[in-house]
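Undergrad: Structure provided below as structure tokens; questions to follow.
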Amino acid sequence: MRSHGIRVHKKRAESLRRKLMEEDALNRELKVAKDGDFVIIPVKDDVHGYDTVEWDFEENERRLRYQDIAEVPDELRELLPTSFDVIGDVVIIKIPDELLGYRKEIGNALLTSIPSARVVAADMGVKGEYRTRDLEIIAGEGTTETIHTEYGIRLKVDPARAYFSPRLANEHHRIAELVKDGEEVIDMFAGVGPFAVMIAKMRRAHIYAIDLNPAAVDYLEENISLNRVEGVEAINADARFIVRSLKADRVIMNLPQSAIHFFEDAVSSVDDGWIHYYEMIEDEKVEERTEDLKKMGADAGKIVEAENVMKIRNYAPGIGNYVWNLRVKREDY
Ligand SMILES: C[S@@+](CC[C@H](N)C(=O)[O-])C[C@H]1O[C@@H](n2cnc3c(N)ncnc32)[C@H](O)[C@@H]1O
């Protein structure tokens, strides 16, 4: 079928495909095409901001949409969420209040429409400082512990016991690509280790991977073995108390709800390097936050420059998850 696609070198194809998926721009009805060292990724017709080419794509076999087969009253069908997370063989969906009485039917429809799914869980919200999800199994068998694969690394996790989001795969990979061999890295809020394990897989670096949640650190240790990587030091502690006694070339601060309270500690550990700072923030407050970070750096005797600030994804209308890629230097360097 003739349609539009984006031509990209095969080395960049996976990250672009994931990005398009996150932007809901991927045309899932068509198969990715090959052209020598390049691939052509099919996109929806209304995609903006990319150079597209026309191509003859093969069609994907049509999958049943769970929305079409879920046994819910027709007047409620349009409330069925169009997005959900797939972590390994576990599907996690937020169900609107009006549909909670039909959660078993929704779970069964998802199991039928996603062949790789083993368990479906309803997400009743993220809770506490460990950022774990309150999950209720609504269909399938077994627990919510699973193994998720991203960019060739395997991550064991139970999202009910430790934080994990499959929507950050590109970001984990982007940061790992920036690391140079020989770097000292601190991953302050490491979770089950997606940044740390990815970096160790791709570079010869030393990574302090810290998390407050003992269950996250247990999984992190398992993930180090599962991927047979070296150089990751798993630490179960409050990052605030560890980071001040360390020096690093790069610090990753992925705690988007409250990282600002840790910035002063993080900046003290970098004399000449980088901080990747994440925050969930209103779009209109981003510039103000850049100034705050520079000021906090200056108060600690550091020059902080925002090399770039990127929105990783939309969180709610007018609110995004942003990353500040900050160059940090001691004033007297
Ligand atoms: C948003 S998650 C990020 C996990 C991981 N970076 C990822 O991308 O999957 C934040 C993590 O920070 C941990 N955390 C919260 N407060 C902390 C603290 N004071 N020190 C260390 N870790 C903390 C939580 O347990 C959670 O695993």
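By convention in this document, the chains of the structure tokens carry letters A, B, ... by their order, each chain's residues are numbered from 1, and ligands are numbered from 1 in the order they are shown.
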Would you pick out the contacts of A:Ile312 at 9 Å or less, using only C-alpha atoms, so that residues sharing its chain but fewer than 4 positions from it are not included, and give the list as a list in words?
TA: Leu168, Glu171, Gly320, Asn321, Tyr322 and Val323 of chain A
Undergrad: Would you put the residues from that selection into a file with all heavy atoms, as a short mmCIF file (atom, residue, chain, number, x, y, z; two decimals), in the first residue's frame?
TA:
data_model
loop_
_atom_site.label_atom_id
_atom_site.label_comp_id
_atom_site.auth_asym_id
_atom_site.auth_seq_id
_atom_site.Cartn_x
_atom_site.Cartn_y
_atom_site.Cartn_z
N LEU A 168 10.06 5.42 28.88
CA LEU A 168 11.31 6.18 28.97
C LEU A 168 12.47 5.49 28.24
O LEU A 168 13.62 5.90 28.40
CB LEU A 168 11.69 6.38 30.44
CG LEU A 168 10.76 7.27 31.26
CD1 LEU A 168 11.20 7.31 32.72
CD2 LEU A 168 10.76 8.71 30.71
N GLU A 171 14.85 7.67 26.38
CA GLU A 171 15.62 8.54 27.25
C GLU A 171 16.76 7.75 27.91
O GLU A 171 17.89 8.23 28.00
CB GLU A 171 14.68 9.16 28.30
CG GLU A 171 15.27 10.26 29.12
CD GLU A 171 15.87 11.43 28.34
OE1 GLU A 171 15.55 11.61 27.15
OE2 GLU A 171 16.70 12.13 28.93
N GLY A 320 4.34 19.00 31.34
CA GLY A 320 5.17 18.00 30.65
C GLY A 320 6.24 17.45 31.57
O GLY A 320 6.54 18.02 32.61
N ASN A 321 6.80 16.30 31.15
CA ASN A 321 7.98 15.79 31.82
C ASN A 321 9.17 16.31 31.01
O ASN A 321 9.33 15.96 29.85
CB ASN A 321 7.94 14.26 31.84
CG ASN A 321 9.07 13.66 32.67
OD1 ASN A 321 9.86 14.38 33.27
ND2 ASN A 321 9.15 12.35 32.69
N TYR A 322 9.98 17.17 31.63
CA TYR A 322 11.10 17.83 30.94
C TYR A 322 12.43 17.30 31.46
O TYR A 322 12.53 16.87 32.61
CB TYR A 322 11.06 19.34 31.18
CG TYR A 322 10.01 20.07 30.38
CD1 TYR A 322 8.71 20.15 30.82
CD2 TYR A 322 10.35 20.67 29.16
CE1 TYR A 322 7.74 20.82 30.08
CE2 TYR A 322 9.40 21.35 28.42
CZ TYR A 322 8.10 21.42 28.88
OH TYR A 322 7.16 22.08 28.14
N VAL A 323 13.45 17.37 30.59
CA VAL A 323 14.81 17.10 31.05
C VAL A 323 15.67 18.33 30.73
O VAL A 323 15.60 18.88 29.64
CB VAL A 323 15.41 15.82 30.42
CG1 VAL A 323 15.41 15.83 28.91
CG2 VAL A 323 16.84 15.58 30.93
#
Undergrad: Report as CSV: every residue of stretch 126-216 of chain A with an atom at most 9 Å from stretch 16-19 of chain A, its closest pair of atoms, and their distance in Å to one decimal, counting only C-alpha atoms, with rows sorted by chain and ascending residue number.
TA:
residue,atom,partner,partner_atom,distance
A:Arg167,CA,A:Arg18,CA,8.6
A:Ala169,CA,A:Arg18,CA,7.9
A:Asn170,CA,A:Arg18,CA,6.9
Undergrad: Can you list every residue of chain A that has an atom at most 8 Å from ligand 1, with its nearest atom pair and the distance in Å to one decimal, using only C-alpha atoms and all ligand atoms, ordered by chain then number, as a tab-separated table?
TA:
residue	atom	partner	partner_atom_place_in_ligand_line	distance
A:Glu129	CA	ligand 1	15 (C)	5.0
A:Tyr130	CA	ligand 1	25 (O)	3.4
A:Arg131	CA	ligand 1	26 (C)	5.5
A:Thr132	CA	ligand 1	26 (C)	7.6
A:Ala162	CA	ligand 1	27 (O)	6.0
A:Tyr163	CA	ligand 1	27 (O)	5.0
A:Phe164	CA	ligand 1	9 (O)	4.4
A:Ser165	CA	ligand 1	9 (O)	5.8
A:Leu168	CA	ligand 1	8 (O)	6.5
A:His172	CA	ligand 1	8 (O)	7.0
A:Asp187	CA	ligand 1	6 (N)	7.3
A:Met188	CA	ligand 1	21 (C)	5.8
A:Phe189	CA	ligand 1	12 (O)	3.8
A:Ala190	CA	ligand 1	6 (N)	4.2
A:Gly191	CA	ligand 1	27 (O)	3.6
A:Val192	CA	ligand 1	9 (O)	6.4
A:Gly193	CA	ligand 1	5 (C)	6.3
A:Pro194	CA	ligand 1	9 (O)	5.7
A:Phe195	CA	ligand 1	6 (N)	6.3
A:Ile210	CA	ligand 1	21 (C)	5.6
A:Asp211	CA	ligand 1	22 (N)	3.6
A:Leu212	CA	ligand 1	22 (N)	4.1
A:Asn213	CA	ligand 1	25 (O)	4.5
A:Ala216	CA	ligand 1	27 (O)	6.1
A:Asn236	CA	ligand 1	21 (C)	7.6
A:Ala237	CA	ligand 1	21 (C)	5.9
A:Asp238	CA	ligand 1	20 (N)	3.6
A:Ala239	CA	ligand 1	20 (N)	3.8
A:Arg240	CA	ligand 1	19 (N)	6.0
A:Ile252	CA	ligand 1	6 (N)	8.0
A:Met253	CA	ligand 1	6 (N)	7.6
A:Asn254	CA	ligand 1	6 (N)	5.0
A:Leu255	CA	ligand 1	1 (C)	4.6
A:Pro256	CA	ligand 1	1 (C)	6.2
A:Gln257	CA	ligand 1	1 (C)	7.9
Undergrad: For those residues, write N, CA, C and O atoms to a file as a short mmCIF file (atom, residue, chain, number, x, y, z; two decimals), in the first residue's frame.
TA:
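selection.cif was written with the following content:
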data_model
loop_
_atom_site.label_atom_id
_atom_site.label_comp_id
_atom_site.auth_asym_id
_atom_site.auth_seq_id
_atom_site.Cartn_x
_atom_site.Cartn_y
_atom_site.Cartn_z
N GLU A 129 6.82 7.59 48.20
CA GLU A 129 8.09 8.09 47.67
C GLU A 129 8.79 7.06 46.79
O GLU A 129 9.69 7.40 46.03
N TYR A 130 8.37 5.78 46.87
CA TYR A 130 8.97 4.77 45.99
C TYR A 130 8.35 4.81 44.59
O TYR A 130 8.80 4.10 43.70
N ARG A 131 7.28 5.59 44.42
CA ARG A 131 6.59 5.77 43.14
C ARG A 131 6.09 4.43 42.57
O ARG A 131 6.15 4.20 41.35
N THR A 132 5.63 3.53 43.45
CA THR A 132 5.13 2.24 42.97
C THR A 132 3.64 2.38 42.59
O THR A 132 2.98 3.33 43.00
N ALA A 162 8.26 -1.84 42.59
CA ALA A 162 9.32 -0.89 42.24
C ALA A 162 8.88 -0.12 40.99
O ALA A 162 8.20 -0.68 40.13
N TYR A 163 9.30 1.14 40.91
CA TYR A 163 8.90 1.98 39.78
C TYR A 163 9.50 1.47 38.48
O TYR A 163 10.67 1.13 38.43
N PHE A 164 8.71 1.47 37.43
CA PHE A 164 9.24 1.30 36.08
C PHE A 164 8.25 1.85 35.07
O PHE A 164 7.04 1.65 35.20
N SER A 165 8.78 2.57 34.06
CA SER A 165 7.92 3.05 32.98
C SER A 165 8.51 2.62 31.64
O SER A 165 9.67 2.92 31.35
N LEU A 168 10.06 5.42 28.88
CA LEU A 168 11.31 6.18 28.97
C LEU A 168 12.47 5.49 28.24
O LEU A 168 13.62 5.90 28.40
N HIS A 172 16.47 6.53 28.36
CA HIS A 172 17.53 5.69 28.94
C HIS A 172 18.66 5.52 27.92
O HIS A 172 19.84 5.64 28.24
N ASP A 187 23.65 7.65 39.35
CA ASP A 187 22.23 7.58 39.02
C ASP A 187 21.50 7.66 40.37
O ASP A 187 21.42 6.67 41.09
N MET A 188 21.03 8.88 40.70
CA MET A 188 20.55 9.12 42.07
C MET A 188 19.26 8.39 42.41
O MET A 188 19.00 8.07 43.56
N PHE A 189 18.42 8.17 41.41
CA PHE A 189 17.10 7.56 41.65
C PHE A 189 16.96 6.41 40.65
O PHE A 189 16.18 6.48 39.70
N ALA A 190 17.74 5.36 40.87
CA ALA A 190 18.01 4.37 39.82
C ALA A 190 16.87 3.41 39.55
O ALA A 190 16.84 2.78 38.49
N GLY A 191 15.94 3.23 40.49
CA GLY A 191 14.88 2.24 40.29
C GLY A 191 15.49 0.87 40.08
O GLY A 191 16.45 0.49 40.75
N VAL A 192 14.95 0.11 39.11
CA VAL A 192 15.45 -1.25 38.86
C VAL A 192 16.64 -1.23 37.90
O VAL A 192 17.11 -2.28 37.47
N GLY A 193 17.10 -0.02 37.53
CA GLY A 193 18.37 0.11 36.82
C GLY A 193 18.35 0.35 35.33
O GLY A 193 19.35 0.09 34.67
N PRO A 194 17.25 0.89 34.74
CA PRO A 194 17.28 1.04 33.28
C PRO A 194 18.40 1.96 32.76
O PRO A 194 19.03 1.64 31.75
N PHE A 195 18.67 3.09 33.45
CA PHE A 195 19.78 3.94 33.01
C PHE A 195 21.11 3.21 33.27
O PHE A 195 21.97 3.12 32.40
N ILE A 210 21.75 4.41 42.91
CA ILE A 210 21.20 4.54 44.27
C ILE A 210 19.67 4.51 44.22
O ILE A 210 19.06 5.15 43.35
N ASP A 211 19.06 3.80 45.15
CA ASP A 211 17.60 3.91 45.30
C ASP A 211 17.23 3.64 46.76
O ASP A 211 17.84 2.80 47.43
N LEU A 212 16.20 4.35 47.18
CA LEU A 212 15.72 4.25 48.56
C LEU A 212 14.90 2.97 48.78
O LEU A 212 14.83 2.44 49.89
N ASN A 213 14.27 2.48 47.72
CA ASN A 213 13.36 1.34 47.82
C ASN A 213 14.16 0.03 47.79
O ASN A 213 14.77 -0.30 46.77
N ALA A 216 13.46 -2.20 44.80
CA ALA A 216 14.05 -1.73 43.54
C ALA A 216 15.51 -2.15 43.46
O ALA A 216 15.99 -2.62 42.42
N ASN A 236 21.45 0.85 48.34
CA ASN A 236 20.11 1.09 48.90
C ASN A 236 20.23 2.17 49.97
O ASN A 236 20.65 1.89 51.09
N ALA A 237 19.90 3.40 49.60
CA ALA A 237 20.06 4.51 50.55
C ALA A 237 19.30 5.72 50.04
O ALA A 237 18.81 5.74 48.91
N ASP A 238 19.23 6.75 50.90
CA ASP A 238 18.71 8.05 50.48
C ASP A 238 19.84 8.76 49.71
O ASP A 238 20.90 9.01 50.29
N ALA A 239 19.60 9.04 48.44
CA ALA A 239 20.65 9.59 47.58
C ALA A 239 21.25 10.87 48.15
O ALA A 239 22.44 11.15 47.98
N ARG A 240 20.42 11.63 48.85
CA ARG A 240 20.87 12.91 49.40
C ARG A 240 22.12 12.74 50.27
O ARG A 240 23.04 13.54 50.21
N ILE A 252 22.52 11.66 37.10
CA ILE A 252 21.17 11.51 36.53
C ILE A 252 20.18 11.68 37.68
O ILE A 252 20.27 10.99 38.68
N MET A 253 19.25 12.62 37.51
CA MET A 253 18.28 12.93 38.58
C MET A 253 16.87 12.69 38.07
O MET A 253 16.16 13.62 37.71
N ASN A 254 16.47 11.42 38.03
CA ASN A 254 15.16 11.08 37.47
C ASN A 254 14.13 10.86 38.58
O ASN A 254 13.72 9.74 38.85
N LEU A 255 13.76 11.97 39.21
CA LEU A 255 12.70 11.92 40.24
C LEU A 255 11.80 13.13 39.95
O LEU A 255 11.84 14.15 40.64
N PRO A 256 10.99 13.03 38.89
CA PRO A 256 10.36 14.23 38.31
C PRO A 256 9.44 15.02 39.25
O PRO A 256 9.20 16.19 39.01
N GLN A 257 8.95 14.38 40.32
CA GLN A 257 8.04 15.12 41.22
C GLN A 257 8.79 15.99 42.23
O GLN A 257 8.24 16.97 42.70
#
Undergrad: Assign secondary structure with DSSP using the backbone only, and return the residues of stretch 190-239 of chain A in strand (DSSP E or B) as a ChimeraX atom specification.
TA: /A:206-211,232-236
Undergrad: For A:Glu230, list every protein, DNA or RNA residue within 10 Å, evaluated using only C-alpha atoms, and leave out those in the same chain fewer than 3 positions away; present the list as a VMD selection string.
TA: chain A and resid 197 200 to 201 203 to 207 224 to 225 227 233
Undergrad: Quick one: everything within 9 Å of stretch 56-68 of chain A, counting only C-alpha atoms, minus sequence neighbours fewer than 4 positions away in the same chain. Send it as a count of residues only.
TA: 26
Undergrad: Any chance you could list, as a list in words, the residues in stretch 143-199 of chain A that come up helix (DSSP H, G or I) when DSSP is run on the backbone?
TA: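 Written out, the helix (DSSP H, G or I) residues of stretch 143-199 of chain A are Pro166, Arg167, Leu168, Ala169, Asn170, Glu171, His172, His173, Arg174, Ile175, Ala176, Glu177, Leu178, Pro194, Phe195, Ala196, Val197, Met198 and Ile199 of chain A.
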Undergrad: Kindly give the distance, in Å, that separates atom CA of A:Gly182 and atom CA of A:Asn223, rounded to a single decimal.
TA: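 Straight-line distance from atom CA of A:Gly182 to atom CA of A:Asn223 works out to 21.6 Å.
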Undergrad: Just give me the gap between atom CA of A:Glu222 and atom CA of A:Glu184 in Å, one decimal is fine.
TA: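 Calculated distance between atom CA of A:Glu222 and atom CA of A:Glu184 is 21.7 Å.
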Undergrad: So how many Å separate atom CA of A:Asp89 and atom CA of A:Asp218, to one decimal?
TA: 20.4 Å
